[in-house]
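Peer 1: My file is structure.txt. It has compact mmCIF, C-alpha atoms:
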# COMPACT_ATOMS: atom_id res chain seq x y z
CA MET C 1 11.59 20.18 -11.94
CA SER C 2 9.40 21.78 -14.62
CA GLU C 3 7.38 19.83 -17.18
CA GLN C 4 9.60 21.28 -19.91
CA GLN C 5 12.71 19.88 -18.19
CA SER C 6 10.97 16.51 -17.83
CA GLN C 7 10.17 16.49 -21.53
CA GLU C 8 13.75 17.39 -22.44
CA LEU C 9 15.13 14.56 -20.32
CA ARG C 10 12.71 12.11 -21.90
CA GLU C 11 13.82 13.18 -25.37
CA MET C 12 17.49 12.88 -24.40
CA SER C 13 17.12 9.37 -23.01
CA PRO C 14 18.20 6.59 -25.36
CA SER C 15 15.43 4.78 -27.23
CA ARG C 16 14.90 1.15 -26.35
CA PRO C 17 12.86 -1.67 -27.89
CA PRO C 18 9.49 -2.50 -26.33
CA ALA C 19 9.85 -4.48 -23.12
CA PRO C 20 8.75 -8.12 -23.29
CA MET C 21 5.33 -8.85 -21.85
CA PRO C 22 4.82 -11.31 -19.01
CA SER C 23 4.41 -14.86 -20.29
CA LEU C 24 1.00 -16.05 -21.46
CA SER C 25 0.93 -18.52 -18.56
CA MET C 26 1.54 -15.76 -16.02
CA ARG C 27 -1.12 -13.50 -17.54
CA VAL C 28 -3.72 -16.27 -17.63
CA LYS C 29 -3.02 -17.32 -14.03
CA SER C 30 -3.24 -13.75 -12.75
CA SER C 31 -6.44 -13.07 -14.68
CA MET C 32 -8.10 -16.24 -13.40
CA ILE C 33 -7.01 -15.86 -9.77
CA MET C 34 -7.98 -12.20 -9.50
CA GLY C 35 -11.09 -12.55 -11.64
CA ILE C 36 -12.55 -15.54 -9.81
CA THR C 37 -11.74 -13.97 -6.43
CA GLY C 38 -13.57 -10.82 -7.55
CA LEU C 39 -16.51 -12.88 -8.78
CA ILE C 40 -16.85 -14.78 -5.49
CA SER C 41 -16.54 -11.56 -3.49
CA ARG C 42 -19.16 -9.84 -5.61
CA CYS C 43 -21.59 -12.75 -5.21
CA PHE C 44 -21.09 -12.75 -1.43
CA LEU C 45 -21.49 -8.99 -1.07
CA HIS C 46 -24.49 -8.44 -3.31
CA GLY C 47 -26.11 -11.84 -2.95
CA PHE C 48 -26.07 -12.23 0.82
CA ASN C 49 -25.62 -8.72 2.23
CA THR C 50 -26.71 -5.12 1.76
CA VAL C 51 -24.08 -2.87 0.17
CA GLU C 52 -23.90 0.93 0.39
CA THR C 53 -21.19 2.82 -1.51
CA HIS C 54 -20.18 6.46 -1.71
CA GLY C 55 -17.81 7.79 -4.35
CA LEU C 56 -17.59 4.51 -6.32
CA ALA C 57 -18.40 6.19 -9.65
CA GLN C 58 -15.48 8.62 -9.40
CA PHE C 59 -13.17 5.80 -8.34
CA ARG C 60 -14.18 3.80 -11.42
CA GLU C 61 -13.49 6.86 -13.58
CA LEU C 62 -10.01 7.01 -12.10
CA LEU C 63 -9.39 3.34 -12.88
CA ASP C 64 -10.71 3.83 -16.43
CA SER C 65 -8.23 6.67 -16.97
CA ARG C 66 -5.41 4.27 -16.00
CA ALA C 67 -6.50 1.35 -18.19
CA ASP C 68 -3.60 1.82 -20.63
CA PRO C 69 -0.26 1.51 -18.75
CA GLU C 70 1.52 3.53 -21.43
CA LYS C 71 -0.66 6.56 -20.73
CA ARG C 72 -0.22 6.59 -16.95
CA GLU C 73 1.75 9.48 -15.54
CA ARG C 74 2.06 8.40 -11.91
CA GLY C 75 1.25 5.54 -9.58
CA LEU C 76 -1.91 5.06 -7.55
CA LEU C 77 -1.78 4.51 -3.80
CA THR C 78 -4.96 3.58 -1.97
CA GLY C 79 -5.31 3.11 1.75
CA ILE C 80 -8.25 1.89 3.72
CA PHE C 81 -9.43 1.72 7.28
CA SER C 82 -11.32 -1.49 7.68
CA PRO C 83 -12.19 -3.62 10.69
CA SER C 84 -11.44 -6.85 8.84
CA PHE C 85 -8.44 -8.20 7.00
CA ILE C 86 -7.17 -10.59 4.39
CA LEU C 87 -4.56 -8.74 2.37
CA CYS C 88 -3.02 -5.35 1.88
CA CYS C 89 -2.78 -3.74 -1.55
CA ILE C 90 -0.20 -1.67 -3.34
CA ASN C 91 -0.49 0.20 -6.61
CA ILE C 92 1.09 3.36 -7.93
CA PHE C 93 -2.25 4.89 -7.34
CA LEU C 94 -2.07 4.83 -3.60
CA TYR C 95 -5.17 3.81 -1.74
CA PHE C 96 -5.52 3.88 2.06
CA SER C 97 -8.20 2.44 4.27
CA ASN C 98 -9.07 1.29 7.75
CA HIS C 99 -8.85 -2.44 8.51
CA VAL C 100 -11.76 -4.07 10.32
CA SER C 101 -11.83 -7.73 9.22
CA VAL C 102 -10.05 -10.45 7.28
CA LEU C 103 -12.49 -9.85 4.42
CA ASP C 104 -11.49 -6.27 3.69
CA ASP C 105 -9.26 -6.69 0.65
CA PRO C 106 -11.24 -9.17 -1.50
CA MET C 107 -14.63 -7.79 -0.47
CA VAL C 108 -13.77 -4.23 -1.53
CA TRP C 109 -12.82 -5.33 -5.02
CA GLY C 110 -16.07 -7.28 -5.23
CA LEU C 111 -17.68 -3.84 -5.51
CA LEU C 112 -16.16 -3.37 -8.96
CA PRO C 113 -17.93 -4.69 -12.08
CA LEU C 114 -16.54 -7.98 -13.37
CA SER C 115 -15.02 -6.20 -16.38
CA TYR C 116 -12.36 -4.92 -13.97
CA ALA C 117 -11.81 -8.19 -12.15
CA PHE C 118 -10.24 -10.05 -15.06
CA ASN C 119 -7.78 -7.26 -15.98
CA PRO C 120 -4.87 -7.58 -13.50
CA ASN C 121 -2.90 -4.84 -15.29
CA ASN C 122 -5.34 -2.33 -13.81
CA LEU C 123 -5.80 -3.95 -10.40
CA ARG C 124 -4.03 -3.42 -7.10
CA TRP C 125 -0.85 -4.87 -5.72
CA THR C 126 -0.86 -5.38 -1.99
CA LEU C 127 1.13 -6.74 0.94
CA GLY C 128 0.33 -10.15 2.40
CA ALA C 129 1.73 -11.87 5.49
CA HIS C 130 4.74 -14.00 4.51
CA ASP C 131 3.97 -16.60 7.21
CA ILE C 132 0.47 -17.13 5.79
CA CYS C 133 0.44 -16.29 2.09
CA PHE C 134 3.92 -17.63 1.29
CA LYS C 135 4.18 -20.55 3.73
CA ASN C 136 4.58 -23.12 0.94
CA GLN C 137 5.08 -23.31 -2.80
CA LEU C 138 1.39 -23.61 -3.62
CA PHE C 139 0.39 -20.57 -1.57
CA SER C 140 3.39 -18.61 -2.83
CA SER C 141 2.42 -19.20 -6.47
CA PHE C 142 -1.25 -18.37 -5.83
CA PHE C 143 -0.60 -15.07 -4.05
CA THR C 144 2.23 -14.02 -6.35
CA HIS C 145 -0.12 -14.35 -9.33
CA GLY C 146 -2.75 -12.59 -7.20
CA GLN C 147 -0.41 -9.57 -7.10
CA VAL C 148 0.59 -9.85 -3.46
CA LEU C 149 4.03 -8.92 -2.09
CA PRO C 150 5.40 -10.96 0.87
CA CYS C 151 5.50 -8.84 4.03
CA HIS C 152 7.19 -10.05 7.22
CA ARG C 153 5.37 -9.04 10.40
CA SER C 154 7.66 -8.32 13.32
CA LYS C 155 5.51 -10.29 15.76
CA HIS C 156 5.96 -13.37 13.57
CA SER C 157 9.35 -12.96 11.92
CA PRO C 158 12.84 -11.52 12.55
CA HIS C 159 12.79 -10.19 8.97
CA GLY C 160 10.03 -7.61 9.54
CA GLY C 161 10.34 -3.86 9.73
CA LEU C 162 10.22 -0.69 7.72
CA PHE C 163 13.04 -1.52 5.30
CA GLN C 164 12.24 -5.06 4.20
CA PRO C 165 12.29 -5.95 0.48
CA CYS C 166 8.52 -5.78 -0.03
CA MET C 167 8.65 -2.04 0.72
CA THR C 168 11.31 -1.51 -1.93
CA GLN C 169 9.24 -3.50 -4.43
CA ALA C 170 6.11 -1.49 -3.59
CA ILE C 171 7.86 1.86 -3.93
CA ARG C 172 9.25 0.87 -7.32
CA LEU C 173 5.85 -0.35 -8.50
CA LEU C 174 4.54 3.12 -7.74
CA SER C 175 7.42 4.85 -9.46
CA HIS C 176 8.57 5.40 -13.00
CA PRO C 177 9.86 2.08 -14.37
CA SER C 178 13.58 1.47 -14.56
CA PRO C 179 15.00 1.61 -18.12
CA SER C 180 15.85 -2.08 -17.77
CA PRO C 181 14.55 -5.02 -15.73
CA PRO C 182 16.44 -6.20 -12.62
CA ALA C 183 19.50 -8.41 -13.10
CA SER C 184 17.56 -11.35 -11.65
CA PRO C 185 13.82 -12.03 -12.02
CA TYR C 186 13.76 -13.13 -8.36
CA TYR C 187 14.47 -11.49 -5.03
CA THR C 188 14.73 -12.82 -1.50
CA THR C 189 13.12 -11.65 1.73
CA THR C 190 14.96 -13.98 4.11
CA GLY C 191 18.16 -14.94 2.30
CA THR C 192 16.77 -18.40 1.59
CA ASP C 193 13.40 -17.85 -0.15
CA SER C 194 12.98 -16.89 -3.81
CA ILE C 195 10.15 -14.56 -4.89
CA LEU C 196 9.32 -13.63 -8.49
CA SER C 197 9.77 -9.86 -8.82
CA PRO C 198 6.92 -7.84 -10.35
CA LEU C 199 9.62 -5.51 -11.71
CA THR C 200 10.82 -8.13 -14.19
CA HIS C 201 8.53 -6.51 -16.78
CA PRO C 202 8.88 -2.83 -15.82
CA GLN C 203 7.02 -1.27 -18.74
CA HIS C 204 3.96 -3.42 -18.04
CA ARG C 205 4.03 -2.59 -14.32
CA ARG C 206 4.54 1.12 -14.83
CA TYR C 207 2.86 3.36 -12.30
CA SER C 208 1.03 0.52 -10.67
CA TRP C 209 -1.73 0.64 -8.09
CA VAL C 210 -0.68 -0.29 -4.55
CA HIS C 211 -3.24 -0.78 -1.79
CA VAL C 212 -2.39 -0.78 1.92
CA PHE C 213 -4.02 -1.01 5.34
CA PRO C 214 -1.87 1.43 7.36
CA GLU C 215 -3.04 0.17 10.76
CA GLY C 216 -1.16 -3.05 10.04
CA LEU C 217 -3.63 -5.34 11.84
CA VAL C 218 -7.32 -6.04 12.28
CA HIS C 219 -8.80 -3.48 14.66
CA GLN C 220 -12.47 -3.97 15.51
CA HIS C 221 -13.46 -0.94 17.57
CA PRO C 222 -17.12 -0.68 18.69
CA ASP C 223 -17.49 2.69 16.93
CA VAL C 224 -15.05 1.96 14.07
CA ASP C 225 -12.38 4.33 15.38
CA LEU C 226 -8.79 4.20 14.07
CA ARG C 227 -5.47 3.32 15.68
CA TYR C 228 -2.24 5.10 14.76
CA PHE C 229 -0.86 4.40 11.27
CA LYS C 230 2.40 2.53 10.74
CA TRP C 231 5.28 4.38 9.11
CA GLY C 232 5.47 2.16 6.03
CA VAL C 233 2.75 4.24 4.42
CA ALA C 234 5.01 7.29 4.81
CA ARG C 235 7.77 5.57 2.82
CA LEU C 236 5.35 4.94 -0.04
CA ILE C 237 4.18 8.55 -0.02
CA LEU C 238 7.61 10.17 0.30
CA GLU C 239 9.90 7.94 -1.74
CA SER C 240 7.81 7.08 -4.80
CA GLU C 241 8.89 9.09 -7.85
CA PRO C 242 6.94 10.92 -9.10
CA SER C 243 4.61 11.34 -6.15
CA PRO C 244 1.61 9.00 -6.53
CA ASP C 245 -2.05 9.82 -6.66
CA ILE C 246 -3.46 9.00 -3.23
CA VAL C 247 -7.03 7.90 -2.53
CA PRO C 248 -8.30 7.28 1.04
CA MET C 249 -11.11 4.80 1.76
CA PHE C 250 -13.28 3.90 4.72
CA ILE C 251 -15.04 0.56 5.30
CA ASP C 252 -17.64 -0.41 7.87
CA GLY C 253 -19.60 -3.67 8.14
CA THR C 254 -17.11 -6.36 7.18
CA GLN C 255 -16.25 -6.69 10.88
CA LYS C 256 -19.81 -7.94 11.39
CA CYS C 257 -19.33 -10.53 8.66
CA MET C 258 -16.12 -11.78 10.32
CA ALA C 259 -16.22 -10.64 13.95
CA GLU C 260 -13.13 -11.69 15.89
CA ASP C 261 -15.31 -13.06 18.73
CA ARG C 262 -17.63 -15.04 16.43
CA GLY C 263 -18.64 -18.53 17.47
CA PHE C 264 -18.83 -21.82 15.59
CA PRO C 265 -18.31 -22.22 12.68
CA LYS C 266 -15.51 -19.65 12.88
CA PHE C 267 -14.31 -20.17 9.31
CA LEU C 268 -17.62 -19.10 7.74
CA PRO C 269 -18.43 -15.40 7.20
CA ARG C 270 -21.82 -14.22 8.47
CA VAL C 271 -24.48 -12.95 6.07
CA GLY C 272 -27.35 -10.49 6.19
CA LYS C 273 -25.08 -7.59 7.20
CA THR C 274 -24.80 -4.03 5.83
CA VAL C 275 -21.41 -3.17 4.35
CA ARG C 276 -20.63 0.51 3.76
CA VAL C 277 -17.64 1.63 1.68
CA THR C 278 -16.64 5.26 1.08
CA PHE C 279 -14.13 6.16 -1.63
CA GLY C 280 -12.48 9.54 -1.24
CA GLY C 281 -11.23 11.69 -4.08
CA VAL C 282 -7.59 11.97 -5.15
CA LEU C 283 -5.81 14.04 -2.49
CA ASP C 284 -4.07 17.28 -3.34
CA TYR C 285 -0.55 15.98 -2.73
CA GLU C 286 1.10 19.39 -2.54
CA ALA C 287 -1.43 20.76 -0.06
CA THR C 288 -1.44 17.62 2.11
CA PHE C 289 2.18 16.47 2.04
CA GLY C 290 4.12 19.10 0.05
CA ASP C 291 5.99 20.61 3.01
CA LEU C 292 6.98 17.18 4.33
CA LYS C 293 8.08 16.01 0.89
CA ALA C 294 10.28 19.13 0.61
CA ARG C 295 11.83 18.38 4.02
CA TRP C 296 12.45 14.78 3.01
CA ASP C 297 14.06 15.73 -0.32
CA GLU C 298 16.30 18.24 1.46
CA LEU C 299 17.32 15.59 3.99
CA VAL C 300 18.20 13.21 1.15
CA ARG C 301 20.30 15.93 -0.53
CA ARG C 302 22.13 16.72 2.71
CA GLU C 303 22.91 13.07 3.38
CA THR C 304 24.07 12.52 -0.19
CA LYS C 305 26.37 15.52 0.05
CA LYS C 306 27.61 14.56 3.51
CA GLY C 307 28.60 11.09 2.33
CA ASN C 308 30.84 12.65 -0.33
CA THR C 309 30.69 9.43 -2.36
CA THR C 310 27.78 10.25 -4.63
CA LYS C 311 26.42 13.32 -6.33
CA THR C 312 23.21 14.13 -8.14
CA VAL C 313 23.89 14.67 -11.82
CA GLY C 314 20.35 15.05 -13.12
CA TRP C 315 16.80 13.86 -13.05
CA LEU C 316 14.96 11.40 -15.23
CA TRP C 317 11.18 11.39 -14.86
CA LYS C 318 11.62 13.03 -11.44
CA THR C 319 13.98 10.26 -10.35
CA ALA C 320 17.35 11.42 -9.09
CA VAL C 321 20.20 9.99 -11.16
CA ILE C 322 23.27 9.53 -8.97
CA GLU C 323 26.83 8.81 -10.03
CA GLN C 324 29.68 7.61 -7.86
CA THR C 325 32.40 10.26 -7.63
CA ASP C 326 35.03 7.56 -7.48
CA ASP C 327 34.17 5.45 -10.53
CA GLY C 328 31.15 7.06 -12.15
CA ASN C 329 29.20 3.80 -12.37
CA GLY C 330 26.73 4.10 -9.51
CA GLN C 331 23.10 5.06 -9.53
CA ARG C 332 20.88 5.47 -6.49
CA GLN C 333 17.88 3.27 -6.93
CA VAL C 334 14.39 4.39 -5.92
CA GLY C 335 13.41 2.71 -2.67
CA GLU C 336 16.96 2.23 -1.38
CA LEU C 337 18.10 4.08 1.75
CA THR C 338 21.75 3.41 2.51
CA SER C 339 22.24 6.25 4.99
CA GLU C 340 21.54 5.48 8.65
CA GLU C 341 20.23 9.03 9.04
CA LEU C 342 17.65 8.45 6.31
CA ARG C 343 16.62 5.14 7.83
CA ASN C 344 16.57 5.86 11.56
CA GLY C 345 17.59 9.48 12.09
CA ARG C 346 15.45 11.76 14.26
CA GLU C 347 14.33 14.04 11.42
CA ALA C 348 13.46 11.11 9.17
CA ARG C 349 11.35 9.60 11.97
CA GLU C 350 9.60 12.92 12.63
CA ILE C 351 8.70 13.32 8.96
CA ARG C 352 7.31 9.79 8.72
CA ILE C 353 5.24 10.20 11.89
CA GLU C 354 3.66 13.37 10.55
CA VAL C 355 2.95 11.88 7.11
CA ALA C 356 1.22 8.90 8.74
CA ARG C 357 -0.75 11.22 11.04
CA ARG C 358 -2.00 13.31 8.12
CA MET C 359 -2.99 10.20 6.18
CA ARG C 360 -4.99 9.02 9.17
CA GLU C 361 -6.74 12.40 9.32
CA GLU C 362 -7.85 12.01 5.70
CA ILE C 363 -9.55 8.70 6.44
CA LEU C 364 -11.09 10.11 9.61
CA ARG C 365 -12.54 12.88 7.44
CA LEU C 366 -14.35 10.25 5.35
CA ARG C 367 -15.58 8.62 8.55
CA SER C 368 -16.88 11.96 9.82
CA GLU C 369 -18.70 12.70 6.56
CA ARG C 370 -20.95 9.69 7.13
CA GLY C 371 -22.37 11.51 10.18
CA VAL C 372 -23.16 8.35 12.17
CA TYR C 373 -20.03 7.87 14.29
CA LYS C 374 -18.85 9.45 17.51
CA GLU C 375 -15.93 11.86 17.30
CA SER C 376 -12.59 10.06 17.06
CA GLU C 377 -10.45 9.81 20.19
CA GLU C 378 -7.39 11.98 19.52
CA SER C 379 -5.06 9.87 21.66
CA PHE C 380 -5.70 6.80 19.45
CA GLY C 381 -3.57 8.43 16.75
CA ARG C 382 -0.40 8.25 18.87
CA ALA C 383 1.72 5.10 19.01
CA GLU C 384 2.52 5.59 22.71
CA THR C 385 -1.18 5.23 23.56
CA TRP C 386 -1.06 1.57 22.55
CA ARG C 387 2.11 0.60 24.43
CA VAL C 388 0.04 -0.87 27.23
CA ASP C 389 -0.89 -3.66 24.80
CA LYS C 390 2.74 -4.53 24.09
CA GLY C 391 2.85 -7.17 26.78
CA GLU C 392 0.10 -9.17 25.13
CA GLU C 393 1.57 -12.52 24.15
CA GLY C 394 -1.37 -13.67 22.06
CA LYS C 395 -1.83 -12.76 18.43
CA LYS C 396 -5.55 -12.20 19.07
CA TYR C 397 -6.64 -10.24 22.13
CA ARG C 398 -8.88 -7.50 23.48
CA SER C 399 -7.07 -4.18 23.70
CA ARG C 400 -6.60 -2.64 27.14
CA VAL C 401 -6.82 0.81 25.51
CA ASP C 402 -10.28 0.80 23.91
CA GLY C 403 -11.69 -2.70 24.41
CA SER C 404 -11.43 -3.40 20.69
CA GLN C 405 -10.79 -6.85 19.22
CA ILE C 406 -7.22 -7.06 17.82
CA ASN C 407 -5.98 -9.70 15.39
CA GLN C 408 -2.27 -9.87 14.57
CA ASP C 409 -2.46 -13.47 13.37
Translate this file's structure into structure tokens.

Peer 2:
Amino acid sequence: MSEQQSQELREMSPSRPPAPMPSLSMRVKSSMIMGITGLISRCFLHGFNTVETHGLAQFRELLDSRADPEKRERGLLTGIFSPSFILCCINIFLYFSNHVSVLDDPMVWGLLPLSYAFNPNNLRWTLGAHDICFKNQLFSSFFTHGQVLPCHRSKHSPHGGLFQPCMTQAIRLLSHPSPSPPASPYYTTTGTDSILSPLTHPQHRRYSWVHVFPEGLVHQHPDVDLRYFKWGVARLILESEPSPDIVPMFIDGTQKCMAEDRGFPKFLPRVGKTVRVTFGGVLDYEATFGDLKARWDELVRRETKKGNTTKTVGWLWKTAVIEQTDDGNGQRQVGELTSEELRNGREAREIRIEVARRMREEILRLRSERGVYKESEESFGRAETWRVDKGEEGKKYRSRVDGSQINQD
């Protein structure tokens, strides 16, 4: 769709009053939780360790350009490889990284000046383990205000998988806001829990920043090599509308602060380490994923036509507007896949595998640019390589594939 068509659709859409802002209480809690976490992380990084960054200035420029939600034109998705872990992040600006320790998420944002830390409107959303971050009401409130979405991990919960509610919430955070908030300010991930939806104030969450760790676990390889990437990252890349800006990242050193085989006291991070963080530039979406996005869109069109119950009647901010042919009331929502072919069909799986593979290659490129690591093992990028570890009952173990320390706890 051309920019002229987009402008015409915007002008044709009915005007609406400004959306209500989140409550003062919610804004204060989010600012304090994220700001103090950033402050502690910054003190730990710069006060007790050596920090080396590459590309931080251009990343800050990107965040500065997104400071006003009303002026954003797309989401930000960031992904990181890191040998440590605490949380995963999601924002319309998509950011990807490796995952090497439990410190990866808070430590990375400790690199930003404190002026960023207390402005949650311009900070990441991420995914956090439901069985840890949302295990009780206190934790649930803390992490919700810390802009974390509850993610069920299949090794810990029967509610895990590629199509759980947190993925829908993340995709919609990255996408153009709905003209109206959801019918209920809460959603459920299990049928019994109740989670406050970030989409309750759509105009103030427009084109958010979502941060993810596509490996899906802590992977501490001796030479900081990468496992295969989970397919959830492909859903974020393919289904967000319009396509998000995507920024890859690479972290090394946090695994030495929180090594999985560390001795007593295990709960304390180690100091005196060197932490290196590389921020990539915004990827050329069309050059990197354009052909796969075209295949995905065509698959969606075929399945919509095959069902013969819906039809595309137009586009609004690059979001397909669907009406039911029987009653004319329906609209396909971004992030919803009702067709079995779109969820589990062979072509859909092939597209997601290739998207995840290409995203992994972008982070490996950052790793290679540092010039201090051995060449990545090609077989590590294939899911079947790691099947020999499937029999491991423990949530923490040493991989039979590469001898790396794995933490799925």

Peer 1: Using only C-alpha atoms, which of the listed residues (C:Gly253, C:Pro244, C:Pro265, C:Gly35) sits closest to Trp209 (chain C)?

Peer 2: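 Looking only at the distances to Trp209 (chain C), the closest residue turns out to be C:Pro244.
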
Peer 1: Which residues, protein or nucleic acid, reach to within 12 Å of (0.4, -15.3, -15.3) in the file's coordinates when using all atoms listed in the file, and can you give that as a list in words?

Peer 2: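 I get Met21, Pro22, Ser23, Leu24, Ser25, Met26, Arg27, Val28, Lys29, Ser30, Ser31, Met32, Ile33, Met34, Phe118, Asn119, Pro120, Asn121, Ser141, Phe142, Phe143, Thr144, His145, Gly146, Gln147, Leu196 and Pro198 of chain C for the residues within 12 Å of that point.
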
Peer 1: What is the distance between CA of Pro202 (chain C) and CA of Pro177 (chain C), in Å to one decimal?

Peer 2: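 We find that CA of Pro202 (chain C) and CA of Pro177 (chain C) lie 5.2 Å from each other.
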
Peer 1: When you count only C-alpha atoms, which of these residues is closest to Leu174 (chain C): C:Ala117, C:Leu236, C:Ile80, C:Ile195?

Peer 2: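 Ranked by minimum distance to Leu174 (chain C), first place goes to C:Leu236.
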
Peer 1: Counting all atoms listed in the file, which of C:Ser197, C:Thr278, C:Thr168, C:Ser339 gets nearest to Glu369 (chain C)?

Peer 2: C:Thr278

Peer 1: With distances taken over all atoms listed in the file, which of C:Thr200, C:Thr126, C:Ser65, C:Thr53 is nearest to Gly79 (chain C)?

Peer 2: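 The closest residue to Gly79 (chain C) is C:Thr126.
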
Peer 1: Between CA of Asn407 (chain C) and CA of Arg358 (chain C), what is the distance in Å, rounded to a tenth?

Peer 2: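 According to the coordinates, CA of Asn407 (chain C) and CA of Arg358 (chain C) are separated by 24.5 Å.
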
Peer 1: Tell me, in Å to one decimal, how far CA of Leu56 (chain C) is from CA of Trp109 (chain C).

Peer 2: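 Result for CA of Leu56 (chain C) versus CA of Trp109 (chain C): 11.0 Å, one decimal.
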
Peer 1: List the spatial neighbours of region 351-353 of chain C as a short mmCIF file (atom, residue, chain, number, x, y, z; two decimals) with C-alpha atoms, in the coordinates of the input - criterion: any atom at most 8 Å away, all atoms listed in the file, same-chain residues fewer than 3 positions off excluded.

Peer 2:
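Listing of around33.cif after writing:
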data_model
loop_
_atom_site.label_atom_id
_atom_site.label_comp_id
_atom_site.auth_asym_id
_atom_site.auth_seq_id
_atom_site.Cartn_x
_atom_site.Cartn_y
_atom_site.Cartn_z
CA TRP C 231 5.28 4.38 9.11
CA ALA C 234 5.01 7.29 4.81
CA ARG C 235 7.77 5.57 2.82
CA LEU C 292 6.98 17.18 4.33
CA ARG C 295 11.83 18.38 4.02
CA TRP C 296 12.45 14.78 3.01
CA GLU C 347 14.33 14.04 11.42
CA ALA C 348 13.46 11.11 9.17
CA ALA C 356 1.22 8.90 8.74
CA ARG C 357 -0.75 11.22 11.04
#
